[in-house]
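File shown: input24.cif. Contents: mmCIF, C-alpha atoms.
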```cif
data_coords
#
loop_
_atom_site.label_atom_id
_atom_site.label_comp_id
_atom_site.auth_asym_id
_atom_site.auth_seq_id
_atom_site.Cartn_x
_atom_site.Cartn_y
_atom_site.Cartn_z
CA MET F 1 0.00 0.00 0.00
CA LYS F 2 1.19 3.52 -0.80
CA LYS F 3 3.23 5.12 1.99
CA LEU F 4 2.92 8.60 3.45
CA VAL F 5 5.65 10.86 2.06
CA LEU F 6 6.79 13.95 3.96
CA ASP F 7 9.93 15.88 3.14
CA ASN F 8 10.98 13.10 0.73
CA LYS F 9 10.85 10.50 3.49
CA HIS F 10 8.51 7.50 3.33
CA TYR F 11 6.48 6.47 6.39
CA ASN F 12 4.64 3.20 6.95
CA SER F 13 2.58 4.74 9.76
CA ARG F 14 0.09 7.53 9.14
CA LEU F 15 -0.16 8.34 12.82
CA ILE F 16 1.86 11.14 14.42
CA ILE F 17 1.82 11.59 18.17
CA GLY F 18 2.77 14.43 20.51
CA THR F 19 4.83 14.50 23.68
CA GLY F 20 2.74 16.62 26.05
CA LYS F 21 0.79 15.54 29.14
CA TYR F 22 2.51 12.18 29.70
CA ALA F 23 3.58 11.20 33.21
CA ASP F 24 7.25 11.19 32.17
CA PHE F 25 9.56 10.62 29.20
CA ASN F 26 9.53 6.88 29.78
CA GLN F 27 5.75 6.77 29.34
CA THR F 28 6.13 8.91 26.23
CA LYS F 29 8.57 6.37 24.82
CA ASN F 30 6.29 3.42 25.61
CA ALA F 31 3.29 5.13 24.02
CA LEU F 32 5.28 5.92 20.90
CA GLU F 33 6.33 2.30 20.54
CA ALA F 34 2.78 1.04 21.07
CA SER F 35 1.38 3.51 18.52
CA GLY F 36 3.65 2.36 15.73
CA ALA F 37 4.19 6.03 14.84
CA GLU F 38 7.46 6.96 13.17
CA MET F 39 7.18 10.70 13.78
CA ILE F 40 6.75 12.48 17.10
CA THR F 41 6.10 16.19 17.51
CA VAL F 42 7.73 18.25 20.25
CA ALA F 43 6.85 21.73 21.55
CA ILE F 44 10.20 23.47 21.28
CA ARG F 45 9.17 26.05 23.91
CA ARG F 46 8.18 23.40 26.48
CA VAL F 47 10.17 20.20 25.99
CA ASN F 48 13.91 19.89 26.47
CA LEU F 49 15.79 18.59 23.43
CA GLY F 50 19.15 19.57 24.84
CA GLN F 51 18.71 23.33 25.06
CA ASN F 52 18.61 23.01 28.88
CA LYS F 53 21.54 20.97 30.14
CA LYS F 54 20.12 20.76 33.67
CA GLU F 55 16.90 18.94 32.68
CA GLN F 56 16.13 15.50 31.28
CA ASN F 57 16.53 15.39 27.51
CA LEU F 58 13.77 13.72 25.49
CA LEU F 59 16.38 12.56 22.99
CA ASP F 60 17.84 10.31 25.68
CA TYR F 61 14.59 8.33 25.50
CA ILE F 62 13.63 8.67 21.83
CA ASP F 63 16.33 8.02 19.25
CA PRO F 64 16.26 10.66 16.46
CA ASN F 65 17.93 8.10 14.20
CA THR F 66 14.87 5.87 14.55
CA TYR F 67 12.07 8.44 14.78
CA THR F 68 11.52 11.74 13.02
CA ILE F 69 11.49 14.55 15.57
CA LEU F 70 9.01 17.20 14.47
CA PRO F 71 9.52 20.43 16.44
CA ASN F 72 6.38 22.53 16.77
CA THR F 73 5.62 26.11 17.76
CA ALA F 74 2.92 25.37 20.34
CA GLY F 75 2.48 28.31 22.70
CA CYS F 76 3.27 30.94 20.07
CA TYR F 77 0.72 33.70 19.53
CA SER F 78 2.47 35.71 16.83
CA ALA F 79 4.28 35.03 13.57
CA LYS F 80 7.42 36.58 15.04
CA ASP F 81 7.53 34.16 17.98
CA ALA F 82 6.75 31.16 15.79
CA ILE F 83 9.49 32.00 13.30
CA ARG F 84 11.98 32.45 16.13
CA ALA F 85 11.00 29.07 17.64
CA CYS F 86 11.55 27.35 14.28
CA ARG F 87 15.00 28.91 13.91
CA ILE F 88 15.94 27.73 17.42
CA ALA F 89 14.69 24.22 16.58
CA ALA F 90 16.88 24.11 13.48
CA GLU F 91 19.90 25.05 15.59
CA ILE F 92 19.16 22.37 18.19
CA LEU F 93 18.51 19.67 15.59
CA ASN F 94 21.66 20.25 13.55
CA GLY F 95 20.07 22.24 10.77
CA GLU F 96 16.99 20.05 10.24
CA LYS F 97 14.24 22.31 8.90
CA LEU F 98 11.14 20.13 9.10
CA VAL F 99 8.74 21.95 11.44
CA LYS F 100 5.12 22.01 12.50
CA LEU F 101 3.87 25.59 12.49
CA GLU F 102 1.05 26.68 14.75
CA VAL F 103 0.22 30.26 15.69
CA LEU F 104 -2.63 30.44 18.18
CA GLY F 105 -5.24 33.17 18.50
CA ASP F 106 -6.16 32.99 22.18
CA GLU F 107 -5.68 30.81 25.24
CA LYS F 108 -9.36 29.85 25.65
CA THR F 109 -10.08 28.26 22.25
CA LEU F 110 -6.49 27.64 21.08
CA TYR F 111 -7.83 28.27 17.58
CA PRO F 112 -5.24 29.18 14.95
CA ASN F 113 -4.68 32.84 14.16
CA VAL F 114 -4.95 32.47 10.39
CA VAL F 115 -3.50 35.90 9.56
CA GLU F 116 -0.37 35.31 11.67
CA THR F 117 -0.12 31.70 10.49
CA ILE F 118 -0.02 32.75 6.84
CA LYS F 119 2.54 35.46 7.61
CA ALA F 120 4.80 32.98 9.42
CA ALA F 121 4.38 30.33 6.72
CA GLU F 122 5.44 32.74 3.99
CA GLU F 123 8.64 33.70 5.83
CA LEU F 124 9.55 30.16 6.85
CA VAL F 125 9.12 28.82 3.32
CA LYS F 126 11.40 31.60 2.08
CA GLU F 127 13.99 30.38 4.59
CA ASP F 128 13.69 26.84 3.17
CA PHE F 129 11.84 25.37 6.15
CA LYS F 130 9.66 22.36 5.36
CA VAL F 131 6.44 23.55 6.93
CA MET F 132 3.62 21.33 8.17
CA VAL F 133 0.98 23.83 9.20
CA TYR F 134 -1.85 23.68 11.75
CA THR F 135 -4.89 25.65 10.65
CA THR F 136 -8.67 25.92 10.76
CA ASP F 137 -10.90 23.63 8.71
CA ASP F 138 -11.50 26.42 6.15
CA PRO F 139 -10.92 24.98 2.65
CA LEU F 140 -9.86 28.37 1.24
CA VAL F 141 -7.25 28.90 3.96
CA ALA F 142 -5.98 25.35 3.51
CA LYS F 143 -5.49 25.94 -0.22
CA GLU F 144 -3.71 29.24 0.39
CA LEU F 145 -1.25 27.56 2.76
CA GLU F 146 -0.62 24.86 0.17
CA ASN F 147 -0.01 27.52 -2.49
CA ILE F 148 2.49 29.25 -0.20
CA GLY F 149 4.53 26.05 -0.24
CA CYS F 150 3.69 24.20 2.99
CA ILE F 151 4.46 20.50 2.58
CA SER F 152 1.42 19.44 4.62
CA VAL F 153 -1.75 21.21 5.69
CA MET F 154 -3.12 20.17 9.09
CA PRO F 155 -6.72 21.27 9.68
CA LEU F 156 -8.27 20.82 13.11
CA ALA F 157 -11.11 18.37 13.66
CA ALA F 158 -12.14 20.21 16.83
CA PRO F 159 -10.38 22.44 19.38
CA ILE F 160 -7.04 21.21 20.74
CA GLY F 161 -7.48 18.73 23.58
CA SER F 162 -11.29 18.76 23.35
CA GLY F 163 -11.75 15.15 22.26
CA LEU F 164 -14.90 16.17 20.38
CA GLY F 165 -14.01 14.32 17.19
CA ILE F 166 -14.67 15.70 13.71
CA GLN F 167 -17.16 18.53 13.91
CA ASN F 168 -17.34 19.35 10.20
CA GLU F 169 -16.84 16.36 7.93
CA TYR F 170 -17.91 18.40 4.89
CA ASN F 171 -15.06 20.89 5.30
CA ILE F 172 -12.45 18.20 5.89
CA ARG F 173 -13.65 16.25 2.85
CA THR F 174 -13.59 19.43 0.73
CA ILE F 175 -10.03 20.18 1.83
CA VAL F 176 -8.96 16.63 0.94
CA GLU F 177 -10.66 16.69 -2.46
CA ASN F 178 -8.93 19.93 -3.47
CA ALA F 179 -5.47 19.21 -2.07
CA SER F 180 -2.31 18.15 -3.85
CA THR F 181 -0.29 18.05 -0.63
CA PRO F 182 -0.80 15.66 2.32
CA ILE F 183 -3.73 16.55 4.59
CA ILE F 184 -3.19 15.49 8.19
CA VAL F 185 -5.93 16.20 10.72
CA ASP F 186 -4.50 17.77 13.84
CA ALA F 187 -6.44 18.26 17.09
CA GLY F 188 -9.82 17.14 18.41
CA VAL F 189 -9.55 13.35 18.16
CA GLY F 190 -10.87 11.69 21.32
CA THR F 191 -10.91 7.97 20.69
CA ALA F 192 -10.16 5.29 18.11
CA SER F 193 -13.41 5.70 16.15
CA ASP F 194 -12.58 9.38 15.60
CA ALA F 195 -9.23 8.40 14.11
CA SER F 196 -10.92 5.91 11.78
CA ILE F 197 -13.41 8.54 10.58
CA VAL F 198 -10.54 10.93 9.83
CA MET F 199 -8.88 8.32 7.64
CA GLU F 200 -12.13 7.19 6.02
CA LEU F 201 -12.61 10.78 4.82
CA GLY F 202 -9.45 10.37 2.78
CA CYS F 203 -6.99 12.21 5.00
CA ASP F 204 -3.36 11.22 4.63
CA GLY F 205 -2.77 11.00 8.37
CA VAL F 206 -3.76 12.14 11.82
CA LEU F 207 -1.83 13.79 14.65
CA MET F 208 -2.90 13.44 18.27
CA ASN F 209 -1.63 13.95 21.79
CA THR F 210 -4.28 14.38 24.48
CA ALA F 211 -6.40 11.44 23.32
CA ILE F 212 -3.51 9.11 24.09
CA ALA F 213 -1.64 10.85 26.90
CA CYS F 214 -4.76 11.56 28.99
CA ALA F 215 -6.47 8.19 28.49
CA LYS F 216 -6.81 5.99 31.57
CA ASP F 217 -4.31 3.64 29.95
CA PRO F 218 -2.16 5.68 27.52
CA ILE F 219 -0.21 2.69 26.23
CA LEU F 220 -3.33 0.67 25.43
CA MET F 221 -4.95 3.71 23.78
CA ALA F 222 -1.83 4.22 21.66
CA SER F 223 -2.20 0.64 20.45
CA ALA F 224 -5.90 1.21 19.71
CA MET F 225 -5.10 4.35 17.71
CA LYS F 226 -2.58 2.46 15.62
CA LYS F 227 -5.22 -0.08 14.61
CA ALA F 228 -7.88 2.59 14.03
CA VAL F 229 -5.71 4.62 11.67
CA GLU F 230 -4.76 1.52 9.71
CA ALA F 231 -8.36 0.30 9.48
CA GLY F 232 -9.70 3.70 8.44
CA HIS F 233 -7.09 4.09 5.73
CA GLU F 234 -7.74 0.60 4.37
CA ALA F 235 -11.49 1.24 4.37
CA TYR F 236 -11.00 4.45 2.38
CA GLN F 237 -8.79 2.65 -0.12
CA ALA F 238 -11.31 -0.19 -0.43
CA GLY F 239 -14.19 2.20 -1.16
CA ARG F 240 -17.32 2.09 0.97
CA ILE F 241 -20.71 1.10 -0.42
CA GLU F 242 -23.13 3.82 -1.44
CA LYS F 243 -25.64 4.85 1.23
CA LYS F 244 -29.22 4.03 0.24
CA LYS F 245 -32.60 5.13 1.58
CA TYR F 246 -34.02 1.60 1.57
CA ALA F 247 -32.95 -1.99 2.17
CA SER F 248 -30.99 -3.96 -0.37
CA ALA F 249 -31.00 -7.76 -0.10
CA SER F 250 -27.62 -9.37 0.42
CA SER F 251 -28.59 -12.53 -1.45
CA PRO F 252 -29.76 -12.62 -5.11
CA LYS F 253 -33.44 -13.16 -5.80
CA ASP F 254 -32.86 -15.46 -8.75
CA GLY F 255 -32.25 -19.15 -8.11
CA ASN F 256 -34.21 -19.28 -4.84
CA ILE F 257 -34.80 -22.97 -4.00
CA PHE F 258 -38.39 -22.17 -3.01
CA ASP F 259 -39.09 -20.62 -6.40
CA ASP F 260 -41.20 -23.16 -8.39
CA GLY F 261 -40.90 -21.14 -11.55
CA GLU F 262 -44.60 -20.23 -11.69
#
```

How does the structure come out when it is put into structure tokens?
Amino acid sequence: MKKLVLDNKHYNSRLIIGTGKYADFNQTKNALEASGAEMITVAIRRVNLGQNKKEQNLLDYIDPNTYTILPNTAGCYSAKDAIRACRIAAEILNGEKLVKLEVLGDEKTLYPNVVETIKAAEELVKEDFKVMVYTTDDPLVAKELENIGCISVMPLAAPIGSGLGIQNEYNIRTIVENASTPIIVDAGVGTASDASIVMELGCDGVLMNTAIACAKDPILMASAMKKAVEAGHEAYQAGRIEKKKYASASSPKDGNIFDDGE
């Protein structure tokens, strides 16, 4: 089956997980392994990747030679701050320029500030960053970010950490149908069925953090999410049956053994 391609790298898994809200780095590592994910996103403003020598380093638990470390700009509320965070990430990660851009509008909704997001995306692309961008589920905004040169557009399913699942399937489907770059739903997934729905809509992947990290059993939930993403993607590839208003018999009418021919 076709693999997910990001920044010229091929991934078997279409699940990306975050690093926030886990009990410790060891639990983060165990969840990552159970999820089957090959990419993990890290808030550069909140998680130590070596910038603070006095704290535990996540890279002591998660090998960057095995997993793709995706630095993100969580906690940034302006294009200026987000751009600065991406530049710092590139320095820490030996010049690697794959980043997840998110510029938030306010602390209550954590909705993306689209104006600042577009501004940051334009500058980062000019600086040769490979930008995966978190945004609203607005199809026009998604297309604009693709046109700017972002390598993946990441619309929300629902507010960050809400666990509400997909609130607007029509918008997500419209974004997918008009995209020529990978569409990865980011934020709002609450459980395995949500992840399956995301993939059944034709999305190329799904990113989640809270749904796994805050589950009663994070490791078991990570395993469930792995299976859900795989099943949803396979179902989309297989092609679901058309929805009908009325019943449709599973067995053919012709050749019934009780049919006497009269």

Have a look at F:Ala79, F:Pro139, F:Ser196, F:Ile148 and name the one nearest to Thr174 (chain F); count all atoms listed in the file.
F:Pro139

Tell me which residues the PyMOL selection byres ((chain F and resi 12) around 9) grabs here, as a list in words.
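Selection result, ordered by chain and number: Met1, Lys2, Lys3, Leu4, His10, Tyr11, Ser13, Arg14, Gly36, Ala37 and Glu38 of chain F.
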
For Thr109 (chain F), which residue among F:Gly202, F:Pro155, F:Gly188, F:Pro182 is the nearest when counting all atoms listed in the file?
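Closest to Thr109 (chain F), using all atoms listed in the file: F:Gly188.
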
Find the spatial neighbours of Ala142 (chain F), counting all atoms listed in the file, within a cut-off of 8 Å - ignore same-chain residues fewer than 4 positions away - and output them as an MDAnalysis selection string.
chainID F and resid 135:138 146 153 155 175

Residue by residue, what does the PyMOL selection byres ((chain F and resi 168) around 10) grab here? Present the result as a list of chain:residue names.
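Expected selection for the PyMOL selection byres ((chain F and resi 168) around 10) here is F:Asp137, F:Leu156, F:Ala157, F:Ala158, F:Gly165, F:Ile166, F:Gln167, F:Glu169, F:Tyr170, F:Asn171, F:Ile172, F:Arg173.
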
Name the residues that the PyMOL selection byres ((chain F and resi 30) around 12) picks from the file above, as a short mmCIF file (atom, residue, chain, number, x, y, z; two decimals) with C-alpha atoms, in the coordinates of the input, using the file's chain letters and numbers.
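Output below, filename part.cif:
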```cif
data_model
loop_
_atom_site.label_atom_id
_atom_site.label_comp_id
_atom_site.auth_asym_id
_atom_site.auth_seq_id
_atom_site.Cartn_x
_atom_site.Cartn_y
_atom_site.Cartn_z
CA ILE F 17 1.82 11.59 18.17
CA THR F 19 4.83 14.50 23.68
CA TYR F 22 2.51 12.18 29.70
CA ALA F 23 3.58 11.20 33.21
CA ASP F 24 7.25 11.19 32.17
CA PHE F 25 9.56 10.62 29.20
CA ASN F 26 9.53 6.88 29.78
CA GLN F 27 5.75 6.77 29.34
CA THR F 28 6.13 8.91 26.23
CA LYS F 29 8.57 6.37 24.82
CA ALA F 31 3.29 5.13 24.02
CA LEU F 32 5.28 5.92 20.90
CA GLU F 33 6.33 2.30 20.54
CA ALA F 34 2.78 1.04 21.07
CA SER F 35 1.38 3.51 18.52
CA GLY F 36 3.65 2.36 15.73
CA ALA F 37 4.19 6.03 14.84
CA TYR F 61 14.59 8.33 25.50
CA ILE F 62 13.63 8.67 21.83
CA ILE F 212 -3.51 9.11 24.09
CA ALA F 213 -1.64 10.85 26.90
CA ASP F 217 -4.31 3.64 29.95
CA PRO F 218 -2.16 5.68 27.52
CA ILE F 219 -0.21 2.69 26.23
CA LEU F 220 -3.33 0.67 25.43
CA MET F 221 -4.95 3.71 23.78
CA ALA F 222 -1.83 4.22 21.66
CA SER F 223 -2.20 0.64 20.45
#
```

Counting all atoms listed in the file, which of F:Ile40, F:Ile88, F:Ile241, F:Leu98 gets nearest to Leu15 (chain F)?
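With all atoms listed in the file as the atom set, the closest residue is F:Ile40.
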
At what distance in Å, to one decimal, does CA of Thr41 (chain F) lie from CA of Thr191 (chain F)?
19.2 Å

Give the answer as one residue: which of F:Glu200, F:Asp81, F:Asp194, F:Glu177 has the shortest atom-to-atom distance to Ala120 (chain F), using all atoms listed in the file?
F:Asp81

Extract, using only C-alpha atoms, all DNA, RNA and protein residues at most 10 Å from Ala121 (chain F), discarding same-chain residues fewer than 6 positions from it, and format them as a PyMOL selection string.
chain F and resi 79+82-83+101-103+127+129-133+145-146+148-150

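In terms of minimum interatomic distance to Thr210 (chain F), F:Gly20 ranks closest within F:Gly20, F:Gly239, F:Pro159, F:Asp63, counting all atoms listed in the file.
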
Pick the closest to Val42 (chain F) from F:Ala195, F:Ala179, F:Leu70, F:Leu124: which is it, counting all atoms listed in the file?
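Nearest candidate to Val42 (chain F) out of F:Ala195, F:Ala179, F:Leu70, F:Leu124: F:Leu70.
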
Test item: axis-aligned box, all listed atoms of region 167-183 of chain F, 4 Å on each side, centre and edges in Å rounded to one decimal, as lines of an AutoDock Vina configuration file:
```
center_x = -9.1
center_y = 18.3
center_z = 5.0
size_x = 25.6
size_y = 13.2
size_z = 25.8
```

Do a neighbour search on Thr181 (chain F) at 10 Å with all atoms listed in the file, toss out local chain neighbours closer than 3 positions, and write the hits as a PyMOL selection string.
chain F and resi 5-6+143+146-147+149-153+176+178+184+204

Gap from CA of Ala211 (chain F) to CA of Val189 (chain F) - Å, one decimal:
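Computing it gives 6.3 Å between the two atoms.
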
Kindly give the distance, in Å, that separates CA of Leu201 (chain F) and CA of Glu234 (chain F), rounded to a single decimal.
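Spanning CA of Leu201 (chain F) to CA of Glu234 (chain F) is a straight-line distance of 11.3 Å.
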
Would you mind listing what lies within 9 Å of Tyr77 (chain F) as a ChimeraX atom specification, with all atoms listed in the file counted and same-chain residues fewer than 6 positions away left out?
/F:102-106,112-113,116

Which polymer residues have any atom within 8 Å of an atom of Val185 (chain F), counting all atoms listed in the file, with same-chain residues fewer than 2 positions away left out, as a PDB file with C-alpha atoms, in the coordinates of the input?
```
ATOM      1  CA  MET F 154      -3.120  20.170   9.090  1.00  0.00           C
ATOM      2  CA  PRO F 155      -6.720  21.270   9.680  1.00  0.00           C
ATOM      3  CA  LEU F 156      -8.270  20.820  13.110  1.00  0.00           C
ATOM      4  CA  ALA F 157     -11.110  18.370  13.660  1.00  0.00           C
ATOM      5  CA  ILE F 183      -3.730  16.550   4.590  1.00  0.00           C
ATOM      6  CA  ALA F 187      -6.440  18.260  17.090  1.00  0.00           C
ATOM      7  CA  VAL F 198     -10.540  10.930   9.830  1.00  0.00           C
ATOM      8  CA  CYS F 203      -6.990  12.210   5.000  1.00  0.00           C
ATOM      9  CA  GLY F 205      -2.770  11.000   8.370  1.00  0.00           C
ATOM     10  CA  VAL F 206      -3.760  12.140  11.820  1.00  0.00           C
ATOM     11  CA  LEU F 207      -1.830  13.790  14.650  1.00  0.00           C
TER      12      LEU F 207
END
```

Complete the atoms of region 104-115 of chain F to all heavy atoms and put them out as an mmCIF file, in the frame of the given file.
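This went into rebuild24.cif:
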```cif
data_model
loop_
_atom_site.group_PDB
_atom_site.id
_atom_site.type_symbol
_atom_site.label_atom_id
_atom_site.label_comp_id
_atom_site.auth_asym_id
_atom_site.auth_seq_id
_atom_site.Cartn_x
_atom_site.Cartn_y
_atom_site.Cartn_z
ATOM 1 N N LEU F 104 -1.315 30.453 17.541
ATOM 2 C CA LEU F 104 -2.630 30.440 18.180
ATOM 3 C C LEU F 104 -3.213 31.848 18.314
ATOM 4 O O LEU F 104 -2.486 32.842 18.373
ATOM 5 C CB LEU F 104 -2.520 29.784 19.550
ATOM 6 C CG LEU F 104 -1.945 28.363 19.539
ATOM 7 C CD1 LEU F 104 -1.844 27.821 20.950
ATOM 8 C CD2 LEU F 104 -2.768 27.447 18.645
ATOM 9 N N GLY F 105 -4.556 31.881 18.400
ATOM 10 C CA GLY F 105 -5.240 33.170 18.500
ATOM 11 C C GLY F 105 -5.520 33.605 19.915
ATOM 12 O O GLY F 105 -5.419 34.790 20.238
ATOM 13 N N ASP F 106 -5.896 32.658 20.783
ATOM 14 C CA ASP F 106 -6.160 32.990 22.180
ATOM 15 C C ASP F 106 -6.050 31.739 23.039
ATOM 16 O O ASP F 106 -6.084 30.621 22.529
ATOM 17 C CB ASP F 106 -7.556 33.621 22.342
ATOM 18 C CG ASP F 106 -8.677 32.661 21.993
ATOM 19 O OD1 ASP F 106 -9.012 31.803 22.839
ATOM 20 O OD2 ASP F 106 -9.216 32.746 20.879
ATOM 21 N N GLU F 107 -5.927 31.929 24.336
ATOM 22 C CA GLU F 107 -5.680 30.810 25.240
ATOM 23 C C GLU F 107 -6.938 29.992 25.539
ATOM 24 O O GLU F 107 -6.841 28.842 25.955
ATOM 25 C CB GLU F 107 -5.098 31.334 26.556
ATOM 26 C CG GLU F 107 -3.704 31.933 26.394
ATOM 27 C CD GLU F 107 -3.108 32.355 27.717
ATOM 28 O OE1 GLU F 107 -3.770 32.144 28.761
ATOM 29 O OE2 GLU F 107 -1.983 32.889 27.715
ATOM 30 N N LYS F 108 -8.121 30.566 25.325
ATOM 31 C CA LYS F 108 -9.360 29.850 25.650
ATOM 32 C C LYS F 108 -9.697 28.805 24.583
ATOM 33 O O LYS F 108 -9.969 27.642 24.903
ATOM 34 C CB LYS F 108 -10.516 30.832 25.800
ATOM 35 C CG LYS F 108 -11.824 30.158 26.184
ATOM 36 C CD LYS F 108 -12.940 31.177 26.386
ATOM 37 C CE LYS F 108 -14.242 30.493 26.806
ATOM 38 N NZ LYS F 108 -15.338 31.474 27.022
ATOM 39 N N THR F 109 -9.688 29.188 23.324
ATOM 40 C CA THR F 109 -10.080 28.260 22.250
ATOM 41 C C THR F 109 -8.883 27.544 21.635
ATOM 42 O O THR F 109 -9.043 26.465 21.060
ATOM 43 C CB THR F 109 -10.808 29.010 21.121
ATOM 44 O OG1 THR F 109 -9.889 29.895 20.465
ATOM 45 C CG2 THR F 109 -11.984 29.809 21.662
ATOM 46 N N LEU F 110 -7.698 28.146 21.737
ATOM 47 C CA LEU F 110 -6.490 27.640 21.080
ATOM 48 C C LEU F 110 -6.689 27.482 19.577
ATOM 49 O O LEU F 110 -6.027 26.683 18.925
ATOM 50 C CB LEU F 110 -6.038 26.308 21.698
ATOM 51 C CG LEU F 110 -5.643 26.352 23.172
ATOM 52 C CD1 LEU F 110 -5.194 24.972 23.645
ATOM 53 C CD2 LEU F 110 -4.554 27.381 23.429
ATOM 54 N N TYR F 111 -7.618 28.274 19.030
ATOM 55 C CA TYR F 111 -7.830 28.270 17.580
ATOM 56 C C TYR F 111 -6.658 28.959 16.901
ATOM 57 O O TYR F 111 -6.051 29.866 17.445
ATOM 58 C CB TYR F 111 -9.130 29.000 17.236
ATOM 59 C CG TYR F 111 -10.266 28.066 16.890
ATOM 60 C CD1 TYR F 111 -10.717 27.136 17.814
ATOM 61 C CD2 TYR F 111 -10.882 28.113 15.641
ATOM 62 C CE1 TYR F 111 -11.746 26.281 17.506
ATOM 63 C CE2 TYR F 111 -11.914 27.258 15.324
ATOM 64 C CZ TYR F 111 -12.347 26.328 16.261
ATOM 65 O OH TYR F 111 -13.358 25.472 15.950
ATOM 66 N N PRO F 112 -6.333 28.540 15.681
ATOM 67 C CA PRO F 112 -5.240 29.180 14.950
ATOM 68 C C PRO F 112 -5.574 30.624 14.591
ATOM 69 O O PRO F 112 -6.710 30.939 14.236
ATOM 70 C CB PRO F 112 -5.125 28.333 13.674
ATOM 71 C CG PRO F 112 -5.834 27.053 13.979
ATOM 72 C CD PRO F 112 -6.922 27.412 14.936
ATOM 73 N N ASN F 113 -4.582 31.483 14.685
ATOM 74 C CA ASN F 113 -4.680 32.840 14.160
ATOM 75 C C ASN F 113 -4.256 32.745 12.699
ATOM 76 O O ASN F 113 -3.069 32.676 12.401
ATOM 77 C CB ASN F 113 -3.765 33.789 14.942
ATOM 78 C CG ASN F 113 -3.856 35.228 14.461
ATOM 79 O OD1 ASN F 113 -4.037 35.485 13.276
ATOM 80 N ND2 ASN F 113 -3.702 36.162 15.379
ATOM 81 N N VAL F 114 -5.230 32.735 11.799
ATOM 82 C CA VAL F 114 -4.950 32.470 10.390
ATOM 83 C C VAL F 114 -4.056 33.547 9.776
ATOM 84 O O VAL F 114 -3.141 33.240 9.009
ATOM 85 C CB VAL F 114 -6.273 32.353 9.606
ATOM 86 C CG1 VAL F 114 -6.000 32.300 8.108
ATOM 87 C CG2 VAL F 114 -7.042 31.112 10.034
ATOM 88 N N VAL F 115 -4.296 34.803 10.129
ATOM 89 C CA VAL F 115 -3.500 35.900 9.560
ATOM 90 C C VAL F 115 -2.029 35.732 9.932
ATOM 91 O O VAL F 115 -1.137 35.803 9.067
ATOM 92 C CB VAL F 115 -4.020 37.268 10.055
ATOM 93 C CG1 VAL F 115 -3.094 38.388 9.577
ATOM 94 C CG2 VAL F 115 -5.437 37.513 9.563
#
```
